[in-house]
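A.B. asks: This is the structure, below, for whatever I ask next.
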Amino acid sequence: MFRLLCILLGYALGCVQSAYIIGKLTRGIDIREHGSKNSGFTNANRVMGFKVGVWIFIADVGKAVLAFLIACWLFDGSGSFMAAGVNGLIPGVWAGLGVVLGHNFPVFLKFRGGKGIACTIGLLLMLDWRAALIIYLIAFLLVLITRYISVASLAITFFMPVSMAIFVFMALEPHAWEVVAVTAFLGVLGWYMHRENIQRLFSGTERKFSLKSKPL
C-alpha cells in the first residue's frame, strides 16, 4: 500500500509543470504550443532562452529530489546506499516513478507534459551519487561531442538501470530488485518518449543544442 501512496505523492509533485507555469507568468504563452511542443528544458531553452531553461531544469530536478526525501521520511527510508542500504530506498524510488509519470502525463494539463529526463536525473542523484556522477559525465561528454540533448537523454535512461543493477545487486538486500525494475521501466519510458527524436537522429533532422537561442 505504501508504494501506491509514494507513487501518488510523486505524481502530485510531478504535475507541477515548471515550464508551463513560467511560460505563462513570464511570456504569457503555453510552452506546449511552441517549438517541439514539449514542456522540458530543451524546448524551454529554445523558446524562452537558456537562463529561463536552466531554472526550469533545476525545478524539475528538484521536484524529484523533494518527492524522494518526503517519501523516505514518511516511510522511514534512507537516501543513500551507504546508510540504511537498498531497502531504505524503496519509498523514494516509487515516489520518483510517480514524479516522472506526473511530469510526462499531468492530469491538470490533459496529460500533455514533458519527457521526464530532468526528473529522472534528480531521482538518479538520490539513488546513488556515485552512479549519478558517472552517468552525468557521460551525458555531458555526449552533448559536447554531438550537441544533441536527445542523445544524452537516451544515454541517461539507458545507463541508469544498468548502473542500478550493478550497485544494487552488490548490496544483496531483499528488495533490491524493485530499484532495478523501476529504473528499467523509466529507461523504457524515456526511450518511448524520445521515439520522435530517435527518428530524427536517424534521418539527420534532429536539432542541435545551442546556448544562442532567440527567446520569445
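A note on labels: chains of the C-alpha cells are A, B, ... as shown, every chain counts residues from 1, and ligands are counted from 1 in their shown order.
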Could you list, as a ChimeraX atom specification, every residue within 8 Å of A:Tyr136, counting only C-alpha atoms and ignoring same-chain residues fewer than 4 positions away?
C.D. replies: /A:132,140,156
A.B. asks: Name the residues in contact with stretch 115-120 of chain A at a cut-off of 10 Å, using only C-alpha atoms, excluding same-chain residues fewer than 2 positions from it; report them as JSON, numbers by chain.
C.D. replies: {"A": [14, 38, 39, 40, 41, 56, 57, 58, 59, 60, 61, 62, 63, 64, 65, 96, 97, 99, 100, 101, 102, 103, 104, 105, 112, 113, 122, 123, 124, 125, 126, 150, 152, 153, 154, 156, 157, 160, 183, 186, 187, 189, 190, 191, 192, 193, 194]}
A.B. asks: Leaving out A:Thr42 and any residue of its chain fewer than 4 positions from it, which residues lie within 12 Å of it when counting only C-alpha atoms, given as a VMD selection string?
C.D. replies: chain A and resid 19 31 34 to 38 46 to 57 114 to 118 147 to 150 152 to 153 207 to 211 213
A.B. asks: Under the rule that only C-alpha atoms are counted, which of A:Pro161, A:Gly10, A:Gly28, A:Pro91 is the nearest residue to A:Leu66?
C.D. replies: A:Gly10
A.B. asks: Taking into account only C-alpha atoms, which residue in the set A:Gln17, A:Val151, A:Asn45, A:Met164 is nearest to A:Glu178?
C.D. replies: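 Looking at the shortest contact to A:Glu178, the residue is A:Met164.
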A.B. asks: Extract, using only C-alpha atoms, all DNA, RNA and protein residues at most 10 Å from A:Gly98, discarding same-chain residues fewer than 3 positions from it, and format them as a list in words.
C.D. replies: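 Selected residues are Arg3, Leu4, Leu5, Cys6, Ile7, Leu8, Leu9, Gly10, Tyr11, Ala12, Leu13, Gly14, Cys15, Ala64, Ala67, Phe68, Gly92, Val93, Trp94, Ala95, Leu101, Gly102, His103 and Asn104 of chain A.
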A.B. asks: Those same residues, written as a PDB file, in the first residue's frame with C-alpha atoms?
C.D. replies:
```pdb
ATOM      1  CA  ARG A   3       4.179   2.012  -2.694  1.00  0.00           C
ATOM      2  CA  LEU A   4       0.926   3.286  -4.160  1.00  0.00           C
ATOM      3  CA  LEU A   5       0.941   6.223  -1.744  1.00  0.00           C
ATOM      4  CA  CYS A   6       4.516   7.046  -2.764  1.00  0.00           C
ATOM      5  CA  ILE A   7       3.568   6.985  -6.439  1.00  0.00           C
ATOM      6  CA  LEU A   8       0.587   9.270  -5.782  1.00  0.00           C
ATOM      7  CA  LEU A   9       2.761  11.647  -3.770  1.00  0.00           C
ATOM      8  CA  GLY A  10       5.317  11.766  -6.566  1.00  0.00           C
ATOM      9  CA  TYR A  11       2.642  12.134  -9.221  1.00  0.00           C
ATOM     10  CA  ALA A  12       1.160  15.166  -7.453  1.00  0.00           C
ATOM     11  CA  LEU A  13       4.565  16.875  -7.369  1.00  0.00           C
ATOM     12  CA  GLY A  14       5.329  15.810 -10.929  1.00  0.00           C
ATOM     13  CA  CYS A  15       2.169  17.503 -12.154  1.00  0.00           C
ATOM     14  CA  ALA A  64      12.106  14.530  -7.926  1.00  0.00           C
ATOM     15  CA  ALA A  67       9.421  13.661  -3.579  1.00  0.00           C
ATOM     16  CA  PHE A  68      12.202  11.195  -2.795  1.00  0.00           C
ATOM     17  CA  GLY A  92      11.956   7.123  -2.707  1.00  0.00           C
ATOM     18  CA  VAL A  93      12.263   5.125  -5.902  1.00  0.00           C
ATOM     19  CA  TRP A  94       8.483   4.652  -6.122  1.00  0.00           C
ATOM     20  CA  ALA A  95       7.933   8.347  -5.444  1.00  0.00           C
ATOM     21  CA  LEU A 101       4.676   9.955 -14.621  1.00  0.00           C
ATOM     22  CA  GLY A 102       3.192  13.196 -13.317  1.00  0.00           C
ATOM     23  CA  HIS A 103       5.664  15.277 -15.305  1.00  0.00           C
ATOM     24  CA  ASN A 104       5.036  13.345 -18.515  1.00  0.00           C
TER      25      ASN A 104
END
```
A.B. asks: Using Å and a single decimal, report how far atom CA of A:Asp128 sits from atom CA of A:Gly88.
C.D. replies: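 It comes out at 12.2 Å.
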A.B. asks: Stretch 29-195 of chain A: which residues are helix (DSSP H, G or I) by DSSP, as number ranges by chain?
C.D. replies: A: 31-33, 41-48, 50-74, 86-104, 107-109, 117-127, 129-146, 149-171, 176-193, 195
A.B. asks: So the first atom is atom CA of A:Glu206 and the second is atom CA of A:Ile22; what is the distance between them in Å, to one decimal place?
C.D. replies: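 Computing the Euclidean distance for atom CA of A:Glu206 and atom CA of A:Ile22 yields 25.6 Å.
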A.B. asks: Fewer than 6 positions away in the same chain doesn't count, so skip those; otherwise give me all residues within 12 Å of A:Ala165, counting only C-alpha atoms, as a ChimeraX atom specification.
C.D. replies: /A:86,127-128,131,158-159,171-172,176-184
A.B. asks: To one decimal in Å, tell me the separation between atom CA of A:Pro106 and atom CA of A:Val16.
C.D. replies: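 Atom CA of A:Val16 lies at a distance of 7.9 Å from atom CA of A:Pro106.
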A.B. asks: Given only C-alpha atoms as the basis, pick out the residue of A:Gly204, A:Gly23, A:Phe2, A:Leu89 nearest to A:Asn43.
C.D. replies: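 When distances to A:Asn43 are compared using only C-alpha atoms, the smallest one comes from A:Gly23.
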